[in-house]
file final.cif (mmCIF, C-alpha atoms)
data_input
#
loop_
_atom_site.label_atom_id
_atom_site.label_comp_id
_atom_site.auth_asym_id
_atom_site.auth_seq_id
_atom_site.Cartn_x
_atom_site.Cartn_y
_atom_site.Cartn_z
CA MET A 1 -14.33 -5.74 31.18
CA GLN A 2 -11.96 -4.28 28.68
CA TYR A 3 -8.33 -4.66 29.71
CA PHE A 4 -6.69 -2.40 27.15
CA PRO A 5 -7.48 1.15 26.01
CA ALA A 6 -10.08 1.21 23.22
CA ALA A 7 -7.65 2.74 20.70
CA LEU A 8 -5.21 -0.10 21.32
CA GLU A 9 -7.97 -2.71 20.95
CA ARG A 10 -8.99 -1.13 17.64
CA LEU A 11 -5.44 -1.27 16.33
CA THR A 12 -5.16 -4.91 17.42
CA GLU A 13 -8.39 -5.70 15.54
CA GLN A 14 -7.02 -4.04 12.42
CA PHE A 15 -3.87 -6.15 12.52
CA ALA A 16 -5.91 -9.29 13.25
CA ARG A 17 -7.81 -8.81 9.98
CA LEU A 18 -4.62 -9.22 7.94
CA PRO A 19 -4.15 -12.68 6.40
CA GLY A 20 -2.10 -15.07 8.54
CA ILE A 21 -2.13 -12.77 11.59
CA GLY A 22 -3.86 -14.26 14.65
CA THR A 23 -5.08 -12.37 17.71
CA LYS A 24 -1.88 -12.90 19.73
CA THR A 25 0.38 -11.74 16.91
CA ALA A 26 -1.95 -8.80 16.23
CA GLN A 27 -1.61 -7.74 19.85
CA ARG A 28 2.16 -8.03 19.69
CA LEU A 29 2.23 -5.88 16.54
CA ALA A 30 -0.10 -3.29 18.09
CA PHE A 31 2.15 -3.01 21.14
CA TYR A 32 5.15 -2.65 18.86
CA VAL A 33 3.54 0.20 16.93
CA LEU A 34 2.62 1.83 20.24
CA GLY A 35 6.27 1.71 21.21
CA LEU A 36 7.44 3.41 18.01
CA PRO A 37 8.36 7.11 18.04
CA LYS A 38 5.29 9.18 17.03
CA GLN A 39 6.91 10.13 13.75
CA GLU A 40 7.54 6.54 12.70
CA ALA A 41 4.02 5.42 13.59
CA GLU A 42 2.68 8.26 11.48
CA ALA A 43 4.95 7.27 8.60
CA PHE A 44 3.45 3.77 8.79
CA ALA A 45 -0.09 5.15 8.68
CA GLN A 46 0.85 7.44 5.81
CA ALA A 47 2.35 4.53 3.86
CA ILE A 48 -1.01 2.75 3.98
CA VAL A 49 -2.92 5.82 2.78
CA ASP A 50 -0.32 6.52 0.09
CA ALA A 51 -0.25 2.98 -1.26
CA LYS A 52 -4.02 2.99 -1.49
CA GLU A 53 -4.15 6.41 -3.13
CA LYS A 54 -1.23 6.27 -5.51
CA VAL A 55 -1.14 2.68 -6.71
CA LYS A 56 -3.40 2.00 -9.72
CA THR A 57 -3.42 -0.64 -12.41
CA CYS A 58 -1.80 0.08 -15.76
CA PRO A 59 -4.60 0.58 -18.34
CA VAL A 60 -2.71 -1.61 -20.82
CA CYS A 61 -1.25 -4.56 -18.89
CA GLN A 62 -3.21 -4.26 -15.60
CA ASN A 63 0.01 -4.42 -13.56
CA LEU A 64 0.21 -2.21 -10.48
CA THR A 65 1.76 1.18 -11.07
CA ASP A 66 1.80 4.71 -9.70
CA ARG A 67 2.16 6.29 -13.16
CA GLU A 68 -0.12 6.89 -16.14
CA LEU A 69 1.34 3.84 -17.89
CA CYS A 70 3.51 1.21 -16.11
CA PRO A 71 7.27 1.47 -16.76
CA ILE A 72 7.27 -1.73 -18.84
CA CYS A 73 4.41 -0.67 -21.12
CA ALA A 74 5.97 2.80 -21.38
CA ASP A 75 9.36 1.38 -22.37
CA GLN A 76 9.92 1.91 -26.14
CA ARG A 77 12.40 -0.95 -26.26
CA ARG A 78 9.95 -3.63 -25.11
CA ASP A 79 8.33 -5.77 -27.80
CA LYS A 80 4.61 -4.92 -27.69
CA GLY A 81 3.79 -7.84 -30.02
CA LEU A 82 4.71 -10.39 -27.35
CA VAL A 83 2.50 -10.62 -24.26
CA CYS A 84 3.21 -12.80 -21.24
CA VAL A 85 0.09 -13.59 -19.18
CA VAL A 86 0.64 -13.95 -15.41
CA ALA A 87 -1.68 -14.30 -12.45
CA GLU A 88 -0.20 -11.71 -10.06
CA PRO A 89 2.03 -8.59 -10.04
CA ARG A 90 4.66 -10.55 -8.09
CA ASP A 91 4.94 -12.93 -11.08
CA VAL A 92 5.96 -9.97 -13.25
CA ALA A 93 8.67 -9.21 -10.68
CA ALA A 94 9.86 -12.85 -10.80
CA LEU A 95 10.12 -12.88 -14.61
CA GLU A 96 11.79 -9.46 -14.71
CA ARG A 97 14.45 -10.72 -12.32
CA ALA A 98 15.44 -13.29 -14.98
CA ARG A 99 16.46 -10.26 -17.13
CA GLU A 100 15.72 -12.12 -20.36
CA TYR A 101 12.17 -11.39 -21.41
CA ARG A 102 11.80 -8.35 -23.67
CA GLY A 103 8.06 -8.46 -24.35
CA VAL A 104 5.26 -6.98 -22.24
CA TYR A 105 2.83 -8.51 -19.71
CA HIS A 106 -0.79 -8.98 -18.88
CA VAL A 107 -1.66 -9.39 -15.21
CA LEU A 108 -4.90 -11.31 -14.55
CA HIS A 109 -5.04 -10.52 -10.80
CA GLY A 110 -6.04 -14.07 -9.96
CA VAL A 111 -6.85 -17.36 -11.63
CA ILE A 112 -10.17 -19.04 -12.29
CA SER A 113 -11.04 -21.02 -9.18
CA PRO A 114 -14.49 -22.63 -8.86
CA LEU A 115 -13.77 -23.55 -5.24
CA GLY A 116 -12.68 -20.00 -4.44
CA HIS A 117 -15.72 -18.58 -6.26
CA VAL A 118 -13.49 -16.84 -8.81
CA GLY A 119 -15.01 -16.95 -12.27
CA PRO A 120 -13.70 -15.65 -15.62
CA ASP A 121 -15.42 -12.31 -15.04
CA ASP A 122 -13.62 -11.77 -11.72
CA ILE A 123 -10.14 -11.55 -13.23
CA ARG A 124 -8.79 -9.33 -16.02
CA ILE A 125 -9.68 -11.62 -18.95
CA ARG A 126 -11.93 -9.17 -20.80
CA GLU A 127 -9.08 -6.65 -20.86
CA LEU A 128 -6.75 -9.27 -22.39
CA LEU A 129 -9.24 -10.19 -25.11
CA THR A 130 -9.80 -6.51 -25.97
CA ARG A 131 -6.05 -6.00 -26.12
CA VAL A 132 -5.44 -8.98 -28.39
CA GLY A 133 -8.51 -8.12 -30.47
CA GLN A 134 -6.95 -4.74 -31.35
CA GLY A 135 -4.31 -6.61 -33.41
CA ASP A 136 -0.52 -5.92 -33.23
CA ILE A 137 -0.02 -8.88 -30.84
CA ARG A 138 1.49 -11.95 -32.50
CA GLU A 139 2.15 -14.21 -29.51
CA VAL A 140 0.69 -14.71 -26.03
CA ILE A 141 2.81 -16.71 -23.55
CA MET A 142 0.83 -18.33 -20.74
CA ALA A 143 2.80 -18.09 -17.52
CA THR A 144 0.24 -18.93 -14.85
CA ASN A 145 1.47 -21.24 -12.09
CA PRO A 146 1.86 -24.88 -13.14
CA ASP A 147 -0.84 -26.02 -10.69
CA THR A 148 -4.44 -27.11 -11.28
CA GLU A 149 -6.03 -23.67 -11.25
CA GLY A 150 -3.20 -22.03 -13.18
CA GLU A 151 -3.39 -24.75 -15.83
CA ALA A 152 -7.16 -24.54 -16.11
CA THR A 153 -7.01 -20.75 -16.47
CA SER A 154 -4.33 -21.11 -19.11
CA MET A 155 -6.38 -23.69 -21.07
CA TYR A 156 -9.50 -21.55 -20.83
CA LEU A 157 -7.66 -18.49 -22.12
CA SER A 158 -5.93 -20.29 -24.96
CA ARG A 159 -9.31 -21.48 -26.26
CA LEU A 160 -10.56 -17.88 -26.30
CA LEU A 161 -7.38 -16.47 -27.83
CA ARG A 162 -6.68 -18.89 -30.68
CA PRO A 163 -9.74 -17.84 -32.74
CA LEU A 164 -8.32 -14.29 -32.66
CA GLY A 165 -5.42 -15.51 -34.84
CA VAL A 166 -2.71 -15.15 -32.22
CA ARG A 167 -0.03 -17.70 -31.40
CA VAL A 168 -0.53 -19.07 -27.88
CA THR A 169 2.38 -20.73 -26.06
CA ARG A 170 3.15 -21.58 -22.45
CA LEU A 171 6.26 -21.77 -20.28
CA ALA A 172 8.22 -25.03 -20.57
CA TYR A 173 7.78 -27.70 -17.95
CA GLY A 174 10.87 -29.49 -16.72
CA MET A 175 13.50 -29.87 -14.08
CA PRO A 176 14.25 -26.73 -12.07
CA VAL A 177 17.88 -25.71 -12.64
CA GLY A 178 20.04 -26.77 -9.71
CA SER A 179 17.53 -29.41 -8.56
CA GLN A 180 18.26 -33.11 -8.11
CA LEU A 181 16.67 -35.93 -10.09
CA GLU A 182 16.13 -38.11 -7.06
CA TYR A 183 13.92 -35.49 -5.43
CA ALA A 184 11.89 -34.60 -8.52
CA ASP A 185 8.24 -35.69 -8.50
CA GLU A 186 7.05 -38.06 -11.23
CA VAL A 187 4.87 -35.57 -13.07
CA THR A 188 7.75 -33.10 -13.39
CA LEU A 189 10.05 -35.89 -14.62
CA LEU A 190 7.44 -37.03 -17.13
CA ARG A 191 7.05 -33.47 -18.45
CA ALA A 192 10.83 -33.06 -18.58
CA LEU A 193 11.11 -36.24 -20.67
CA GLU A 194 8.31 -35.18 -22.99
CA GLY A 195 9.92 -31.80 -23.50
CA ARG A 196 13.46 -33.12 -24.06
CA GLN A 197 15.58 -31.13 -26.50
CA GLU A 198 18.55 -31.77 -28.82
CA ILE A 199 21.88 -30.70 -27.37
CA MET B 200 15.04 -1.97 -11.66
CA GLN B 201 12.14 -1.56 -9.32
CA TYR B 202 9.35 -4.03 -10.01
CA PHE B 203 6.60 -2.54 -7.85
CA PRO B 204 5.31 1.03 -7.53
CA ALA B 205 7.29 3.05 -4.98
CA ALA B 206 4.28 3.54 -2.69
CA LEU B 207 3.78 -0.22 -2.54
CA GLU B 208 7.47 -0.81 -1.80
CA ARG B 209 7.31 1.73 1.04
CA LEU B 210 4.29 0.00 2.56
CA THR B 211 6.07 -3.36 2.27
CA GLU B 212 9.08 -1.88 4.06
CA GLN B 213 6.85 -0.61 6.86
CA PHE B 214 5.35 -4.04 7.40
CA ALA B 215 8.77 -5.68 7.23
CA ARG B 216 9.92 -3.57 10.20
CA LEU B 217 7.35 -5.20 12.48
CA PRO B 218 8.70 -7.96 14.73
CA GLY B 219 8.40 -11.45 13.26
CA ILE B 220 7.37 -10.20 9.81
CA GLY B 221 9.78 -11.14 7.01
CA THR B 222 10.00 -9.58 3.55
CA LYS B 223 7.72 -12.15 1.89
CA THR B 224 5.03 -11.82 4.53
CA ALA B 225 5.37 -8.03 4.44
CA GLN B 226 4.74 -8.09 0.70
CA ARG B 227 1.70 -10.30 1.16
CA LEU B 228 0.30 -7.92 3.79
CA ALA B 229 0.97 -4.87 1.60
CA PHE B 230 -0.88 -6.50 -1.30
CA TYR B 231 -3.74 -7.31 1.04
CA VAL B 232 -4.03 -3.71 2.23
CA LEU B 233 -3.93 -2.57 -1.39
CA GLY B 234 -6.88 -4.83 -2.09
CA LEU B 235 -8.96 -3.38 0.77
CA PRO B 236 -11.70 -0.85 0.02
CA LYS B 237 -10.28 2.68 0.37
CA GLN B 238 -12.35 3.32 3.49
CA GLU B 239 -11.04 0.26 5.29
CA ALA B 240 -7.42 1.02 4.42
CA GLU B 241 -7.92 4.52 5.81
CA ALA B 242 -9.49 3.09 8.97
CA PHE B 243 -6.34 0.98 9.43
CA ALA B 244 -4.11 4.02 9.03
CA GLN B 245 -6.29 6.00 11.41
CA ALA B 246 -6.13 3.22 14.02
CA ILE B 247 -2.34 3.53 14.06
CA VAL B 248 -2.43 7.31 14.48
CA ASP B 249 -5.18 7.06 17.12
CA ALA B 250 -3.43 4.41 19.17
CA LYS B 251 -0.28 6.48 19.16
CA GLU B 252 -2.08 9.70 20.06
CA LYS B 253 -4.61 8.51 22.58
CA VAL B 254 -2.86 5.78 24.50
CA LYS B 255 -0.78 7.04 27.43
CA THR B 256 0.46 5.44 30.63
CA CYS B 257 -1.51 5.85 33.85
CA PRO B 258 0.42 8.28 36.13
CA VAL B 259 -0.15 5.96 39.10
CA CYS B 260 0.31 2.37 37.90
CA GLN B 261 2.01 3.01 34.52
CA ASN B 262 -0.47 0.73 32.74
CA LEU B 263 -1.64 1.81 29.27
CA THR B 264 -4.79 3.90 29.24
CA ASP B 265 -6.62 6.51 27.18
CA ARG B 266 -7.98 8.29 30.26
CA GLU B 267 -6.56 10.59 32.91
CA LEU B 268 -6.28 7.67 35.34
CA CYS B 269 -6.60 4.01 34.26
CA PRO B 270 -9.95 2.32 35.07
CA ILE B 271 -8.37 0.12 37.74
CA CYS B 272 -6.67 2.99 39.60
CA ALA B 273 -9.86 5.06 39.24
CA ASP B 274 -12.02 2.26 40.67
CA GLN B 275 -13.00 3.16 44.26
CA ARG B 276 -13.59 -0.49 45.13
CA ARG B 277 -10.02 -1.61 44.41
CA ASP B 278 -7.70 -1.96 47.39
CA LYS B 279 -5.03 0.72 46.92
CA GLY B 280 -2.92 -0.78 49.71
CA LEU B 281 -2.14 -3.91 47.67
CA VAL B 282 0.04 -3.53 44.59
CA CYS B 283 0.82 -6.30 42.12
CA VAL B 284 3.99 -5.70 40.09
CA VAL B 285 3.96 -7.04 36.52
CA ALA B 286 6.30 -6.68 33.56
CA GLU B 287 3.82 -5.84 30.80
CA PRO B 288 0.28 -4.48 30.26
CA ARG B 289 -0.77 -7.89 28.90
CA ASP B 290 0.08 -9.39 32.30
CA VAL B 291 -2.50 -7.08 33.88
CA ALA B 292 -5.03 -8.41 31.37
CA ALA B 293 -4.10 -12.00 32.28
CA LEU B 294 -4.53 -11.40 36.02
CA GLU B 295 -7.79 -9.48 35.54
CA ARG B 296 -9.19 -12.42 33.60
CA ALA B 297 -8.82 -14.50 36.77
CA ARG B 298 -11.44 -12.14 38.33
CA GLU B 299 -10.02 -12.63 41.80
CA TYR B 300 -7.48 -9.91 42.48
CA ARG B 301 -8.97 -6.77 44.07
CA GLY B 302 -5.81 -4.71 44.54
CA VAL B 303 -4.10 -2.44 42.02
CA TYR B 304 -1.08 -2.90 39.73
CA HIS B 305 2.28 -1.50 38.82
CA VAL B 306 3.47 -2.11 35.26
CA LEU B 307 7.26 -2.08 34.85
CA HIS B 308 7.21 -2.10 31.02
CA GLY B 309 10.01 -4.64 30.87
CA VAL B 310 12.34 -6.58 33.10
CA ILE B 311 15.98 -6.04 33.93
CA SER B 312 18.00 -7.82 31.25
CA PRO B 313 21.76 -7.34 31.09
CA LEU B 314 21.90 -9.21 27.75
CA GLY B 315 19.14 -7.05 26.30
CA HIS B 316 20.82 -3.88 27.64
CA VAL B 317 17.84 -3.14 29.88
CA GLY B 318 18.96 -1.74 33.22
CA PRO B 319 16.95 -0.71 36.30
CA ASP B 320 16.63 2.84 34.95
CA ASP B 321 15.05 1.67 31.70
CA ILE B 322 11.91 0.27 33.34
CA ARG B 323 9.40 1.91 35.69
CA ILE B 324 11.16 1.11 38.96
CA ARG B 325 11.62 4.69 40.13
CA GLU B 326 7.87 5.24 39.84
CA LEU B 327 7.23 2.15 41.98
CA LEU B 328 9.64 3.29 44.70
CA THR B 329 8.07 6.76 44.77
CA ARG B 330 4.63 5.20 45.01
CA VAL B 331 5.58 2.89 47.87
CA GLY B 332 7.57 5.67 49.56
CA GLN B 333 4.40 7.77 49.82
CA GLY B 334 3.04 5.27 52.37
CA ASP B 335 -0.49 3.75 52.24
CA ILE B 336 0.80 0.57 50.54
CA ARG B 337 1.05 -2.43 52.87
CA GLU B 338 1.90 -5.22 50.43
CA VAL B 339 3.64 -5.56 47.06
CA ILE B 340 3.08 -8.83 45.17
CA MET B 341 5.79 -9.67 42.64
CA ALA B 342 4.21 -11.18 39.54
CA THR B 343 7.00 -11.02 36.98
CA ASN B 344 7.38 -14.13 34.80
CA PRO B 345 8.95 -17.12 36.59
CA ASP B 346 11.99 -17.10 34.29
CA THR B 347 15.56 -15.94 34.89
CA GLU B 348 15.06 -12.27 34.07
CA GLY B 349 11.67 -12.06 35.77
CA GLU B 350 13.12 -13.65 38.90
CA ALA B 351 16.16 -11.40 38.93
CA THR B 352 13.99 -8.30 38.54
CA SER B 353 11.75 -9.51 41.33
CA MET B 354 14.73 -10.13 43.65
CA TYR B 355 16.23 -6.74 42.82
CA LEU B 356 12.96 -4.97 43.56
CA SER B 357 12.27 -6.81 46.80
CA ARG B 358 15.67 -5.73 48.11
CA LEU B 359 14.80 -2.09 47.37
CA LEU B 360 11.27 -2.33 48.75
CA ARG B 361 11.78 -4.10 52.04
CA PRO B 362 13.67 -1.19 53.69
CA LEU B 363 10.59 0.94 52.98
CA GLY B 364 8.65 -1.15 55.49
CA VAL B 365 6.35 -2.85 53.03
CA ARG B 366 5.49 -6.55 52.89
CA VAL B 367 6.88 -8.11 49.69
CA THR B 368 5.44 -11.41 48.39
CA ARG B 369 5.47 -13.25 45.09
CA LEU B 370 3.09 -15.49 43.15
CA ALA B 371 3.16 -19.16 44.19
CA TYR B 372 5.15 -21.65 42.15
CA GLY B 373 3.60 -25.01 41.48
CA MET B 374 1.75 -27.26 39.11
CA PRO B 375 -0.43 -25.48 36.55
CA VAL B 376 -4.07 -26.46 37.07
CA GLY B 377 -5.12 -29.09 34.52
CA SER B 378 -1.55 -30.13 33.81
CA GLN B 379 -0.16 -33.65 34.15
CA LEU B 380 2.54 -34.72 36.58
CA GLU B 381 4.37 -36.84 34.02
CA TYR B 382 4.97 -33.81 31.79
CA ALA B 383 6.00 -31.39 34.53
CA ASP B 384 9.65 -30.32 34.55
CA GLU B 385 11.75 -31.10 37.62
CA VAL B 386 12.14 -27.53 38.81
CA THR B 387 8.37 -26.98 38.79
CA LEU B 388 7.85 -30.26 40.66
CA LEU B 389 10.49 -29.30 43.21
CA ARG B 390 8.83 -25.91 43.76
CA ALA B 391 5.40 -27.56 44.00
CA LEU B 392 6.73 -29.91 46.68
CA GLU B 393 8.37 -27.09 48.62
CA GLY B 394 5.17 -25.07 48.50
CA ARG B 395 2.85 -27.91 49.49
CA GLN B 396 -0.16 -26.95 51.56
CA GLU B 397 -2.50 -28.60 54.08
CA ILE B 398 -5.79 -29.81 52.60
#

call {"tool": "encode", "arguments": {"input": "final.cif", "output": "structure tokens"}}
result
Amino acid sequence: MQYFPAALERLTEQFARLPGIGTKTAQRLAFYVLGLPKQEAEAFAQAIVDAKEKVKTCPVCQNLTDRELCPICADQRRDKGLVCVVAEPRDVAALERAREYRGVYHVLHGVISPLGHVGPDDIRIRELLTRVGQGDIREVIMATNPDTEGEATSMYLSRLLRPLGVRVTRLAYGMPVGSQLEYADEVTLLRALEGRQEI
Amino acid sequence: MQYFPAALERLTEQFARLPGIGTKTAQRLAFYVLGLPKQEAEAFAQAIVDAKEKVKTCPVCQNLTDRELCPICADQRRDKGLVCVVAEPRDVAALERAREYRGVYHVLHGVISPLGHVGPDDIRIRELLTRVGQGDIREVIMATNPDTEGEATSMYLSRLLRPLGVRVTRLAYGMPVGSQLEYADEVTLLRALEGRQEI
């Protein structure tokens, strides 16, 4: 027997499909939505439809945008000769928060992951090669995460990019600012030593 | 500066309003929805609108339903003279899963909670009194949670119901089946002792 109205069960199922949301939480969320004023529940539904309809990827950098060209690519003051390659749109947000970088980006929408069945053709690598192949780009900064898959993706890309006559660099490894030596892992310490600079 | 398209930010905000969902999780969920096929995202939105539109409370027992009368109240085989009072619709589901109870329910949609600013008028107590006042009900079983607020609500209700000439009972306290004595708390053990039965 079904204990809840069908429409409520369907909403619970929808929530349960979201990543990290189990059946119990999904039910709690469905009840919450049911308790919202009609207008607010409709605004929620509309937000889903809107996001899906309005958000596209920028044809140049592949970042998410709701305009013809993303605000960064459209900005005349950004240096179009310097491209920072990141895995996800949220990485662009992280770098922008540092308020230092004045170049543009390229968002891969993933990293190469043999275990996750993500190959080079599943992320926006072709678009990056086309972009670099058109000239005008002098440096590509690899800013994938410093983990196994991020590193592998970065190595793979640099091998494809170097023949195109572009300078390929990557973010520095080292101690996070504000961290403590005694809690740093050995690999980070090793990289920090290797990358030591004159002061 | 805004780092994500406005429509994406609005969807993130909607998710962040749900109970137990923080900003980071909300962003992850919004990205997930964005990655869904258009049709599936629209099905999600529709599920919200549908749940809100179709799900009402049963005029008799106040449980959630999408019909005129909920399936339990509409069932001719259920004993309408026996009413089990629960706090939430999910409690009805829990009791129904036991497949034993043949009476009907009354869903309060909350418990009296002075700290949570929930008074007797904020839950479906008036409806219960009206229902019992119409006669035909011989017993009301209190099945609110065995915690402070559930107990207080149950006591409050029994004081209102008894003058109406109805028998008022409550669920038995005792050891949960399958549990172990050594892990039982003292209050539960005390109640289990008090409620001991001949075998």

call {"tool": "resolve_selection", "arguments": {"input": "final.cif", "expression": "the PyMOL selection byres ((chain A) within 9 of (chain B))", "output": "NGL selection string"}}
result
:A and (1-12 or 14-15 or 18-20 or 25 or 28-30 or 32-38 or 41-55 or 63-67 or 70-71 or 89-90 or 92-94 or 96-97)

call {"tool": "write_last_selection", "arguments": {"input": "final.cif", "atoms": "C-alpha atoms", "output": "PDB file, keeping the file's coordinate frame"}}
result
ATOM      1  CA  MET A   1     -14.330  -5.740  31.180  1.00  0.00           C
ATOM      2  CA  GLN A   2     -11.960  -4.280  28.680  1.00  0.00           C
ATOM      3  CA  TYR A   3      -8.330  -4.660  29.710  1.00  0.00           C
ATOM      4  CA  PHE A   4      -6.690  -2.400  27.150  1.00  0.00           C
ATOM      5  CA  PRO A   5      -7.480   1.150  26.010  1.00  0.00           C
ATOM      6  CA  ALA A   6     -10.080   1.210  23.220  1.00  0.00           C
ATOM      7  CA  ALA A   7      -7.650   2.740  20.700  1.00  0.00           C
ATOM      8  CA  LEU A   8      -5.210  -0.100  21.320  1.00  0.00           C
ATOM      9  CA  GLU A   9      -7.970  -2.710  20.950  1.00  0.00           C
ATOM     10  CA  ARG A  10      -8.990  -1.130  17.640  1.00  0.00           C
ATOM     11  CA  LEU A  11      -5.440  -1.270  16.330  1.00  0.00           C
ATOM     12  CA  THR A  12      -5.160  -4.910  17.420  1.00  0.00           C
ATOM     13  CA  GLN A  14      -7.020  -4.040  12.420  1.00  0.00           C
ATOM     14  CA  PHE A  15      -3.870  -6.150  12.520  1.00  0.00           C
ATOM     15  CA  LEU A  18      -4.620  -9.220   7.940  1.00  0.00           C
ATOM     16  CA  PRO A  19      -4.150 -12.680   6.400  1.00  0.00           C
ATOM     17  CA  GLY A  20      -2.100 -15.070   8.540  1.00  0.00           C
ATOM     18  CA  THR A  25       0.380 -11.740  16.910  1.00  0.00           C
ATOM     19  CA  ARG A  28       2.160  -8.030  19.690  1.00  0.00           C
ATOM     20  CA  LEU A  29       2.230  -5.880  16.540  1.00  0.00           C
ATOM     21  CA  ALA A  30      -0.100  -3.290  18.090  1.00  0.00           C
ATOM     22  CA  TYR A  32       5.150  -2.650  18.860  1.00  0.00           C
ATOM     23  CA  VAL A  33       3.540   0.200  16.930  1.00  0.00           C
ATOM     24  CA  LEU A  34       2.620   1.830  20.240  1.00  0.00           C
ATOM     25  CA  GLY A  35       6.270   1.710  21.210  1.00  0.00           C
ATOM     26  CA  LEU A  36       7.440   3.410  18.010  1.00  0.00           C
ATOM     27  CA  PRO A  37       8.360   7.110  18.040  1.00  0.00           C
ATOM     28  CA  LYS A  38       5.290   9.180  17.030  1.00  0.00           C
ATOM     29  CA  ALA A  41       4.020   5.420  13.590  1.00  0.00           C
ATOM     30  CA  GLU A  42       2.680   8.260  11.480  1.00  0.00           C
ATOM     31  CA  ALA A  43       4.950   7.270   8.600  1.00  0.00           C
ATOM     32  CA  PHE A  44       3.450   3.770   8.790  1.00  0.00           C
ATOM     33  CA  ALA A  45      -0.090   5.150   8.680  1.00  0.00           C
ATOM     34  CA  GLN A  46       0.850   7.440   5.810  1.00  0.00           C
ATOM     35  CA  ALA A  47       2.350   4.530   3.860  1.00  0.00           C
ATOM     36  CA  ILE A  48      -1.010   2.750   3.980  1.00  0.00           C
ATOM     37  CA  VAL A  49      -2.920   5.820   2.780  1.00  0.00           C
ATOM     38  CA  ASP A  50      -0.320   6.520   0.090  1.00  0.00           C
ATOM     39  CA  ALA A  51      -0.250   2.980  -1.260  1.00  0.00           C
ATOM     40  CA  LYS A  52      -4.020   2.990  -1.490  1.00  0.00           C
ATOM     41  CA  GLU A  53      -4.150   6.410  -3.130  1.00  0.00           C
ATOM     42  CA  LYS A  54      -1.230   6.270  -5.510  1.00  0.00           C
ATOM     43  CA  VAL A  55      -1.140   2.680  -6.710  1.00  0.00           C
ATOM     44  CA  ASN A  63       0.010  -4.420 -13.560  1.00  0.00           C
ATOM     45  CA  LEU A  64       0.210  -2.210 -10.480  1.00  0.00           C
ATOM     46  CA  THR A  65       1.760   1.180 -11.070  1.00  0.00           C
ATOM     47  CA  ASP A  66       1.800   4.710  -9.700  1.00  0.00           C
ATOM     48  CA  ARG A  67       2.160   6.290 -13.160  1.00  0.00           C
ATOM     49  CA  CYS A  70       3.510   1.210 -16.110  1.00  0.00           C
ATOM     50  CA  PRO A  71       7.270   1.470 -16.760  1.00  0.00           C
ATOM     51  CA  PRO A  89       2.030  -8.590 -10.040  1.00  0.00           C
ATOM     52  CA  ARG A  90       4.660 -10.550  -8.090  1.00  0.00           C
ATOM     53  CA  VAL A  92       5.960  -9.970 -13.250  1.00  0.00           C
ATOM     54  CA  ALA A  93       8.670  -9.210 -10.680  1.00  0.00           C
ATOM     55  CA  ALA A  94       9.860 -12.850 -10.800  1.00  0.00           C
ATOM     56  CA  GLU A  96      11.790  -9.460 -14.710  1.00  0.00           C
ATOM     57  CA  ARG A  97      14.450 -10.720 -12.320  1.00  0.00           C
TER      58      ARG A  97
END

call {"tool": "residues_around", "arguments": {"input": "final.cif", "residues": "range 370-387 of chain B", "least_positions_apart": "5", "cutoff": "8 Å", "atoms": "all atoms listed in the file", "output": "list of chain:residue names"}}
result
B:Ile340, B:Met341, B:Ala342, B:Leu392, B:Gly394

call {"tool": "atom_distance", "arguments": {"input": "final.cif", "atom1": "CA of Val104 in chain A", "atom2": "CA of Gly81 in chain A"}}
result
8.0 Å

call {"tool": "atom_distance", "arguments": {"input": "final.cif", "atom1": "CA of Lys279 in chain B", "atom2": "CA of Ile336 in chain B"}}
result
6.9 Å

call {"tool": "residues_around", "arguments": {"input": "final.cif", "residues": "Val339 in chain B", "least_positions_apart": "4", "cutoff": "6 Å", "atoms": "only C-alpha atoms", "output": "list in words"}}
result
Val282, Cys283 and Val367 of chain B

call {"tool": "closest_residue", "arguments": {"input": "final.cif", "among": "B:Ala215, B:Cys272, B:Arg298, B:Leu360", "to": "Gly334 in chain B", "atoms": "all atoms listed in the file"}}
result
B:Leu360

call {"tool": "atom_distance", "arguments": {"input": "final.cif", "atom1": "CA of His106 in chain A", "atom2": "CA of Gly165 in chain A"}}
result
17.9 Å

call {"tool": "build_atoms", "arguments": {"input": "final.cif", "residues": "range 78-82 of chain A", "atoms": "N, CA, C and O atoms", "output": "mmCIF file, keeping the file's coordinate frame"}}
result
data_model
loop_
_atom_site.group_PDB
_atom_site.id
_atom_site.type_symbol
_atom_site.label_atom_id
_atom_site.label_comp_id
_atom_site.auth_asym_id
_atom_site.auth_seq_id
_atom_site.Cartn_x
_atom_site.Cartn_y
_atom_site.Cartn_z
ATOM 1 N N ARG A 78 10.612 -2.340 -25.313
ATOM 2 C CA ARG A 78 9.950 -3.630 -25.110
ATOM 3 C C ARG A 78 9.102 -3.983 -26.328
ATOM 4 O O ARG A 78 8.452 -3.110 -26.923
ATOM 5 N N ASP A 79 9.071 -5.266 -26.656
ATOM 6 C CA ASP A 79 8.330 -5.770 -27.800
ATOM 7 C C ASP A 79 6.840 -5.866 -27.468
ATOM 8 O O ASP A 79 6.415 -6.754 -26.734
ATOM 9 N N LYS A 80 6.038 -4.966 -28.020
ATOM 10 C CA LYS A 80 4.610 -4.920 -27.690
ATOM 11 C C LYS A 80 3.812 -6.028 -28.383
ATOM 12 O O LYS A 80 2.629 -6.219 -28.108
ATOM 13 N N GLY A 81 4.476 -6.764 -29.305
ATOM 14 C CA GLY A 81 3.790 -7.840 -30.020
ATOM 15 C C GLY A 81 3.814 -9.156 -29.255
ATOM 16 O O GLY A 81 3.217 -10.146 -29.662
ATOM 17 N N LEU A 82 4.543 -9.177 -28.145
ATOM 18 C CA LEU A 82 4.710 -10.390 -27.350
ATOM 19 C C LEU A 82 4.177 -10.125 -25.937
ATOM 20 O O LEU A 82 4.686 -9.261 -25.232
#
